[in-house]
>>> print(open('coords.cif').read())   # mmCIF, C-alpha atoms
data_final
#
loop_
_atom_site.label_atom_id
_atom_site.label_comp_id
_atom_site.auth_asym_id
_atom_site.auth_seq_id
_atom_site.Cartn_x
_atom_site.Cartn_y
_atom_site.Cartn_z
CA MET A 103 5.08 -46.82 -5.92
CA THR A 104 2.45 -47.43 -3.26
CA THR A 105 0.53 -44.34 -2.19
CA THR A 106 -0.76 -44.34 1.37
CA ARG A 107 -3.79 -42.48 2.71
CA ARG A 108 -1.38 -40.15 4.53
CA ASP A 109 0.21 -39.17 1.22
CA LYS A 110 -3.18 -38.24 -0.19
CA ASP A 111 -4.26 -36.25 2.84
CA PRO A 112 -3.58 -32.52 2.17
CA GLN A 113 -3.27 -32.01 5.93
CA HIS A 114 -0.01 -34.00 5.98
CA LEU A 115 3.23 -33.44 4.11
CA SER A 116 5.89 -35.99 3.28
CA ARG A 117 9.41 -35.32 4.49
CA GLN A 118 10.41 -34.55 0.91
CA GLN A 119 7.63 -31.98 0.61
CA GLU A 120 8.67 -30.42 3.91
CA ARG A 121 12.28 -30.15 2.71
CA GLU A 122 11.12 -28.52 -0.53
CA LEU A 123 9.08 -25.95 1.38
CA GLN A 124 12.00 -25.18 3.66
CA GLN A 125 14.10 -24.26 0.62
CA LEU A 126 11.63 -21.60 -0.53
CA SER A 127 12.30 -17.92 0.04
CA PRO A 128 9.62 -15.97 1.95
CA PHE A 129 8.27 -14.59 -1.35
CA GLU A 130 8.10 -18.07 -2.92
CA LEU A 131 6.48 -19.48 0.20
CA LYS A 132 3.86 -16.73 0.19
CA SER A 133 3.09 -17.47 -3.47
CA LYS A 134 2.75 -21.17 -2.64
CA LEU A 135 0.33 -20.42 0.20
CA ILE A 136 -1.74 -18.16 -2.08
CA GLU A 137 -1.80 -20.95 -4.67
CA LEU A 138 -3.11 -23.38 -2.06
CA ALA A 139 -5.70 -20.84 -0.90
CA GLU A 140 -6.91 -20.36 -4.48
CA GLU A 141 -7.23 -24.14 -4.89
CA HIS A 142 -9.34 -24.24 -1.72
CA GLN A 143 -11.37 -21.31 -3.04
CA ARG A 144 -12.20 -23.19 -6.23
CA ALA A 145 -13.12 -26.29 -4.26
CA SER A 146 -15.34 -24.42 -1.80
CA ALA A 147 -16.87 -21.93 -4.29
CA ALA A 148 -15.87 -19.14 -1.90
CA THR A 149 -14.28 -15.89 -3.09
CA MET A 150 -11.16 -14.61 -1.37
CA LEU A 151 -10.50 -10.91 -1.93
CA ASN A 152 -6.80 -10.51 -1.26
CA ALA A 153 -6.11 -6.86 -0.35
CA GLY A 154 -2.75 -7.67 1.22
CA ARG A 155 -0.79 -7.74 -2.02
CA GLY A 156 0.62 -5.15 -4.38
CA ASN A 157 -1.25 -6.97 -7.15
CA PRO A 158 -4.66 -7.92 -5.68
CA ASN A 159 -6.93 -10.49 -7.31
CA TRP A 160 -9.65 -7.93 -7.95
CA THR A 161 -10.04 -4.61 -9.78
CA ALA A 162 -11.68 -1.43 -8.51
CA THR A 163 -13.26 -0.42 -11.81
CA THR A 164 -14.75 2.98 -10.91
CA PRO A 165 -11.48 4.64 -9.81
CA ARG A 166 -9.79 3.30 -12.93
CA ALA A 167 -12.59 4.66 -15.09
CA ALA A 168 -12.06 8.06 -13.45
CA PHE A 169 -8.30 7.74 -13.95
CA PHE A 170 -8.57 7.05 -17.69
CA LEU A 171 -11.24 9.74 -18.16
CA LEU A 172 -8.97 12.25 -16.43
CA GLY A 173 -6.19 11.16 -18.78
CA ARG A 174 -8.38 11.99 -21.78
CA PHE A 175 -9.08 15.40 -20.30
CA GLY A 176 -5.36 15.91 -19.73
CA LEU A 177 -4.67 15.21 -23.40
CA GLU A 178 -7.31 17.74 -24.42
CA GLU A 179 -5.65 20.30 -22.16
CA ALA A 180 -2.23 19.52 -23.65
CA ARG A 181 -3.59 20.01 -27.19
CA ARG A 182 -5.35 23.18 -26.07
CA ASP A 183 -1.99 24.60 -25.03
CA TRP A 184 -0.13 23.64 -28.19
CA ASP A 185 -1.26 21.61 -31.21
CA GLU A 186 0.85 22.75 -34.15
CA TRP A 187 2.33 19.37 -35.07
CA PRO A 188 0.45 16.05 -35.16
CA GLY A 189 1.16 13.98 -32.08
CA LEU A 190 2.78 16.79 -30.07
CA GLY A 191 1.06 18.85 -27.41
CA GLY A 192 1.90 21.38 -24.76
CA MET A 193 1.42 21.49 -21.01
CA PRO A 194 -1.96 21.89 -19.26
CA GLY A 195 -2.63 25.46 -18.14
CA ARG A 196 -3.98 26.37 -14.71
CA ASP A 197 -6.33 29.32 -15.25
CA GLY A 198 -9.94 28.23 -15.74
CA ILE A 199 -9.08 24.53 -15.80
CA ALA A 200 -11.73 23.59 -13.20
CA ALA A 201 -14.51 25.04 -15.35
CA ARG A 202 -13.14 23.25 -18.41
CA LEU A 203 -13.11 19.95 -16.51
CA ALA A 204 -16.72 20.50 -15.44
CA ALA A 205 -17.71 21.07 -19.07
CA PHE A 206 -15.72 18.00 -20.15
CA LEU A 207 -17.49 15.84 -17.55
CA ASP A 208 -20.87 17.14 -18.67
CA ALA A 209 -19.98 16.10 -22.23
CA ASN A 210 -18.93 12.65 -20.98
CA ASP A 211 -21.62 12.24 -18.36
CA ARG A 212 -22.30 8.58 -19.16
CA ASP A 213 -18.71 7.56 -18.47
CA PRO A 214 -18.53 5.56 -15.19
CA GLY A 215 -15.73 7.77 -13.88
CA ALA A 216 -17.40 11.13 -14.43
CA ASP A 217 -19.37 11.16 -11.18
CA LEU A 218 -16.33 10.21 -9.10
CA LEU A 219 -14.28 13.06 -10.62
CA ARG A 220 -17.08 15.53 -9.90
CA ARG A 221 -17.33 14.38 -6.29
CA ALA A 222 -13.54 14.50 -5.90
CA VAL A 223 -13.41 18.13 -6.98
CA ALA A 224 -16.40 19.01 -4.80
CA TYR A 225 -14.80 17.34 -1.78
CA ALA A 226 -11.45 19.06 -2.28
CA THR A 227 -13.00 22.51 -2.68
CA THR A 228 -15.84 22.40 -0.12
CA LYS A 229 -14.47 20.08 2.58
CA LEU A 230 -10.76 20.86 2.33
CA GLY A 231 -11.00 24.44 1.11
CA LEU A 232 -8.63 23.92 -1.82
CA ASP A 233 -8.72 26.27 -4.79
CA ALA A 234 -10.54 24.53 -7.65
CA ASP A 235 -8.10 25.50 -10.41
CA THR A 236 -5.09 24.60 -8.25
CA PHE A 237 -6.51 21.18 -7.38
CA VAL A 238 -7.67 20.25 -10.89
CA HIS A 239 -4.42 21.49 -12.43
CA GLU A 240 -2.39 19.34 -10.02
CA LEU A 241 -4.43 16.27 -11.00
CA THR A 242 -4.24 17.06 -14.72
CA ASP A 243 -0.57 17.95 -14.80
CA GLY A 244 0.15 14.86 -12.71
CA ILE A 245 -1.67 12.45 -14.99
CA ILE A 246 0.10 13.90 -18.04
CA GLY A 247 3.41 13.28 -16.26
CA ASP A 248 5.29 16.27 -17.68
CA ASN A 249 6.84 17.46 -14.39
CA TYR A 250 8.70 16.25 -11.35
CA PRO A 251 6.63 16.40 -8.13
CA VAL A 252 6.75 19.84 -6.50
CA PRO A 253 7.64 19.67 -3.68
CA ASP A 254 9.53 16.47 -4.40
CA ARG A 255 8.28 14.69 -1.26
CA MET A 256 4.59 14.92 -2.25
CA LEU A 257 2.24 17.12 -4.27
CA ARG A 258 0.65 19.85 -2.14
CA CYS A 259 -3.03 19.12 -2.79
CA ALA A 260 -2.49 15.37 -2.66
CA GLU A 261 -0.84 15.77 0.75
CA ARG A 262 -3.92 17.57 2.09
CA VAL A 263 -6.19 14.79 0.84
CA VAL A 264 -4.00 12.00 2.24
CA HIS A 265 -3.52 13.83 5.54
CA THR A 266 -7.29 14.08 5.97
CA TYR A 267 -7.61 10.36 5.23
CA LEU A 268 -4.94 9.46 7.81
CA VAL A 269 -6.60 11.61 10.48
CA LYS A 270 -9.86 9.76 9.84
CA GLU A 271 -8.48 6.23 9.68
CA VAL A 272 -5.45 6.34 12.00
CA CYS A 273 -6.32 9.10 14.47
CA ALA A 274 -10.05 8.37 14.94
CA GLY A 275 -10.89 11.75 13.42
CA LYS A 276 -8.77 13.74 15.90
CA PRO A 277 -5.99 15.69 14.12
CA PRO A 278 -2.53 15.43 15.71
CA ARG A 279 -1.17 18.48 17.53
CA VAL A 280 1.56 18.74 14.88
CA PRO A 281 0.35 17.85 11.34
CA PHE A 282 1.95 14.88 9.62
CA ASP A 283 4.74 15.69 7.17
CA LEU A 284 4.03 13.18 4.41
CA PHE A 285 6.50 11.68 1.95
CA ALA A 286 5.19 9.60 -0.94
CA THR A 287 7.33 6.64 -2.04
CA GLU A 288 7.44 4.23 -4.97
CA GLY A 289 5.93 1.48 -2.84
CA GLY A 290 5.93 -0.25 0.53
CA THR A 291 9.40 -1.78 0.22
CA ALA A 292 10.93 1.59 -0.73
CA ALA A 293 9.18 3.16 2.24
CA MET A 294 10.76 0.61 4.59
CA CYS A 295 14.25 1.30 3.23
CA TYR A 296 13.76 5.08 3.52
CA ILE A 297 12.52 4.72 7.10
CA PHE A 298 15.42 2.54 8.21
CA ASP A 299 17.95 4.74 6.37
CA SER A 300 16.49 7.92 7.88
CA LEU A 301 16.59 6.51 11.42
CA ALA A 302 20.18 5.34 10.94
CA THR A 303 21.38 8.57 9.28
CA ASN A 304 19.90 10.64 12.11
CA GLN A 305 21.53 8.24 14.61
CA LEU A 306 18.23 7.25 16.18
CA LEU A 307 19.08 3.63 15.42
CA HIS A 308 22.51 2.03 15.20
CA THR A 309 23.80 -1.24 13.77
CA GLY A 310 22.89 -4.09 16.09
CA ASP A 311 20.11 -2.23 17.94
CA LYS A 312 17.12 -4.28 19.02
CA ILE A 313 13.86 -3.40 17.26
CA ALA A 314 10.39 -4.92 17.51
CA ILE A 315 8.17 -5.74 14.54
CA MET A 316 4.53 -6.68 14.81
CA ALA A 317 3.89 -9.78 12.70
CA PRO A 318 2.47 -11.09 10.45
CA ILE A 319 3.60 -8.31 8.17
CA PHE A 320 4.66 -7.70 4.57
CA THR A 321 7.59 -10.07 4.05
CA PRO A 322 10.36 -7.51 3.26
CA TYR A 323 9.76 -5.88 6.64
CA LEU A 324 11.10 -9.08 8.21
CA GLU A 325 14.06 -9.35 5.85
CA ILE A 326 15.29 -5.78 5.28
CA PRO A 327 16.27 -4.99 8.91
CA ARG A 328 18.45 -8.12 8.94
CA LEU A 329 20.49 -6.99 5.91
CA GLU A 330 24.18 -6.27 6.36
CA ARG A 331 23.66 -2.49 6.17
CA TYR A 332 21.37 -2.56 9.26
CA ARG A 333 21.95 -5.86 11.11
CA PHE A 334 19.22 -5.01 13.61
CA ASP A 335 18.37 -7.49 16.36
CA VAL A 336 14.76 -8.18 15.41
CA LEU A 337 12.13 -9.11 17.99
CA GLU A 338 8.89 -10.32 16.40
CA LEU A 339 5.58 -9.81 18.19
CA ARG A 340 3.17 -12.43 16.86
CA ALA A 341 -0.59 -11.95 16.48
CA THR A 342 -1.55 -15.40 17.78
CA ARG A 343 -4.88 -14.72 19.49
CA THR A 344 -7.87 -16.80 18.36
CA SER A 345 -11.57 -16.74 19.17
CA GLN A 346 -13.32 -19.43 21.22
CA ASP A 347 -14.13 -21.40 18.08
CA GLY A 348 -10.50 -21.30 16.95
CA PHE A 349 -10.90 -18.51 14.38
CA HIS A 350 -7.79 -16.36 13.98
CA THR A 351 -8.58 -12.79 15.11
CA TRP A 352 -5.15 -11.37 14.16
CA GLN A 353 -4.86 -9.73 17.57
CA TYR A 354 -1.94 -9.67 19.99
CA PRO A 355 -2.09 -11.43 23.38
CA ASP A 356 -0.76 -9.54 26.40
CA SER A 357 2.20 -11.93 26.57
CA GLU A 358 3.43 -10.62 23.21
CA LEU A 359 2.83 -6.94 24.02
CA ASP A 360 4.65 -7.36 27.33
CA LYS A 361 7.84 -7.95 25.34
CA LEU A 362 7.89 -4.20 24.66
CA ALA A 363 8.66 -3.60 28.35
CA ASP A 364 12.24 -4.57 27.53
CA PRO A 365 14.14 -1.24 27.68
CA SER A 366 16.64 -2.49 25.09
CA VAL A 367 13.93 -2.31 22.37
CA LYS A 368 14.73 0.92 20.54
CA ALA A 369 11.80 1.07 18.11
CA LEU A 370 8.53 -0.64 17.22
CA PHE A 371 7.46 -1.09 13.60
CA LEU A 372 3.93 -1.95 12.57
CA VAL A 373 1.70 -1.77 9.52
CA ASN A 374 -2.09 -1.43 9.66
CA PRO A 375 -3.69 -3.26 7.97
CA SER A 376 -0.93 -5.83 7.87
CA ASN A 377 -0.52 -8.89 5.68
CA PRO A 378 -2.33 -11.32 5.62
CA PRO A 379 -5.05 -9.91 7.97
CA SER A 380 -6.04 -7.47 5.21
CA VAL A 381 -7.42 -10.48 3.32
#
>>> encode(input="coords.cif", output="structure tokens")
Amino acid sequence: MTTTRRDKDPQHLSRQQERELQQLSPFELKSKLIELAEEHQRASAATMLNAGRGNPNWTATTPRAAFFLLGRFGLEEARRDWDEWPGLGGMPGRDGIAARLAAFLDANDRDPGADLLRRAVAYATTKLGLDADTFVHELTDGIIGDNYPVPDRMLRCAERVVHTYLVKEVCAGKPPRVPFDLFATEGGTAAMCYIFDSLATNQLLHTGDKIAIMAPIFTPYLEIPRLERYRFDVLELRATRTSQDGFHTWQYPDSELDKLADPSVKALFLVNPSNPPSV
């Protein structure tokens, strides 16, 4: 078979290749685009840190070191509570646990995660005013995994920490008049289903209602509202703005935002940072 220059040019696709791409699901297409980006990365010797995925192509080593070190401490606390039979322990106790963690970190000072755990406890107690034993016990009991979350929507100390983070990153440091009521989920897709179900159950949205979604966005957000159980009329607002040199800024032109003037749009859904701009 004769191969033309057009066939070799990665900028052009044959009709067969186009048909193959059209048959891919959004998840498969995203994987294909990431594969192409990684090929370009190898060719250009540039490193792409992809933060827009549930499984990024990089590892934050210090938090993981702290996580595993805390797990070791949790096991010591379990054995401290009960260690009659080999391989069986009890449940971490609350009283005095902050002081025991401090002593444990001093004994493991060279571990990369020790400093982060110290600073985490200091932040929670001095900046947020949390009780040291209560905070450390929540972390330790959580990493052992011997209880359901109490309350079941989110752990109390964790909610304070996350709320402070959201005020800083989402509210420009200005707390909302009514504090956020946070609910932790198994992941982004579960969060989307809970949000849509909650809005429908409380009759804020009904089957067939028009909703707006700011795109690009995590793929399930474009697919879930079109499922039979919701059948929402989805209006996508596209971030198409580019700079003078043609670089994609992932911003929304006024023409897209003006679509929200339509009174039939019942809700607007957005994620920040979205995907793929978080790359």
>>> resolve_selection(input="coords.cif", expression="the PyMOL selection byres ((chain A and resi 310) around 7)", output="list in words")
His308, Thr309, Asp311, Lys312, Arg333, Phe334 and Asp335 of chain A
>>> atom_distance(input="coords.cif", atom1="atom CA of A:Cys259", atom2="atom CA of A:Pro281")
14.6 Å
>>> residues_around(input="coords.cif", residues="A:Pro278", least_positions_apart="4", cutoff="10 Å", atoms="all atoms listed in the file", output="VMD selection string")
chain A and resid 269 273 282
>>> closest_residue(input="coords.cif", among="A:Arg174, A:His350, A:Arg182, A:Lys134", to="A:Phe206", atoms="all atoms listed in the file")
A:Arg174
>>> residues_near_point(input="coords.cif", point="(12.7, -3.8, 6.9)", cutoff="9 Å", atoms="all atoms listed in the file", output="list in words")
Thr291, Met294, Cys295, Ile297, Phe298, Thr321, Pro322, Tyr323, Leu324, Glu325, Ile326, Pro327, Arg328, Leu329 and Phe371 of chain A
>>> residues_around(input="coords.cif", residues="A:Tyr354", least_positions_apart="2", cutoff="10 Å", atoms="only C-alpha atoms", output="PDB file with C-alpha atoms, keeping the file's coordinate frame")
ATOM      1  CA  MET A 316       4.530  -6.680  14.810  1.00  0.00           C
ATOM      2  CA  ALA A 317       3.890  -9.780  12.700  1.00  0.00           C
ATOM      3  CA  LEU A 339       5.580  -9.810  18.190  1.00  0.00           C
ATOM      4  CA  ARG A 340       3.170 -12.430  16.860  1.00  0.00           C
ATOM      5  CA  ALA A 341      -0.590 -11.950  16.480  1.00  0.00           C
ATOM      6  CA  THR A 342      -1.550 -15.400  17.780  1.00  0.00           C
ATOM      7  CA  ARG A 343      -4.880 -14.720  19.490  1.00  0.00           C
ATOM      8  CA  THR A 344      -7.870 -16.800  18.360  1.00  0.00           C
ATOM      9  CA  THR A 351      -8.580 -12.790  15.110  1.00  0.00           C
ATOM     10  CA  TRP A 352      -5.150 -11.370  14.160  1.00  0.00           C
ATOM     11  CA  ASP A 356      -0.760  -9.540  26.400  1.00  0.00           C
ATOM     12  CA  SER A 357       2.200 -11.930  26.570  1.00  0.00           C
ATOM     13  CA  GLU A 358       3.430 -10.620  23.210  1.00  0.00           C
ATOM     14  CA  LEU A 359       2.830  -6.940  24.020  1.00  0.00           C
TER      15      LEU A 359
END
>>> closest_atom_pairs(input="coords.cif", of="stretch 285-335 of chain A", to="stretch 244-251 of chain A", cutoff="12 Å", atoms="only C-alpha atoms", output="CSV")
residue,atom,partner,partner_atom,distance
A:Phe285,CA,A:Pro251,CA,11.1
A:Ala286,CA,A:Pro251,CA,10.0
A:Thr287,CA,A:Pro251,CA,11.5
>>> atom_distance(input="coords.cif", atom1="atom CA of A:Phe320", atom2="atom CA of A:Lys368")
20.8 Å
>>> atom_distance(input="coords.cif", atom1="atom CA of A:Arg181", atom2="atom CA of A:Pro214")
24.0 Å
>>> resolve_selection(input="coords.cif", expression="the PyMOL selection byres ((chain A and resi 165) around 9)", output="ChimeraX atom specification")
/A:162-164,166-170,214-215,218-219
>>> closest_residue(input="coords.cif", among="A:Lys361, A:Glu338, A:Lys276, A:Pro318", to="A:Asn377", atoms="all atoms listed in the file")
A:Pro318
>>> closest_residue(input="coords.cif", among="A:Ile319, A:Val238, A:Leu135, A:Val367", to="A:Pro379", atoms="only C-alpha atoms")
A:Ile319
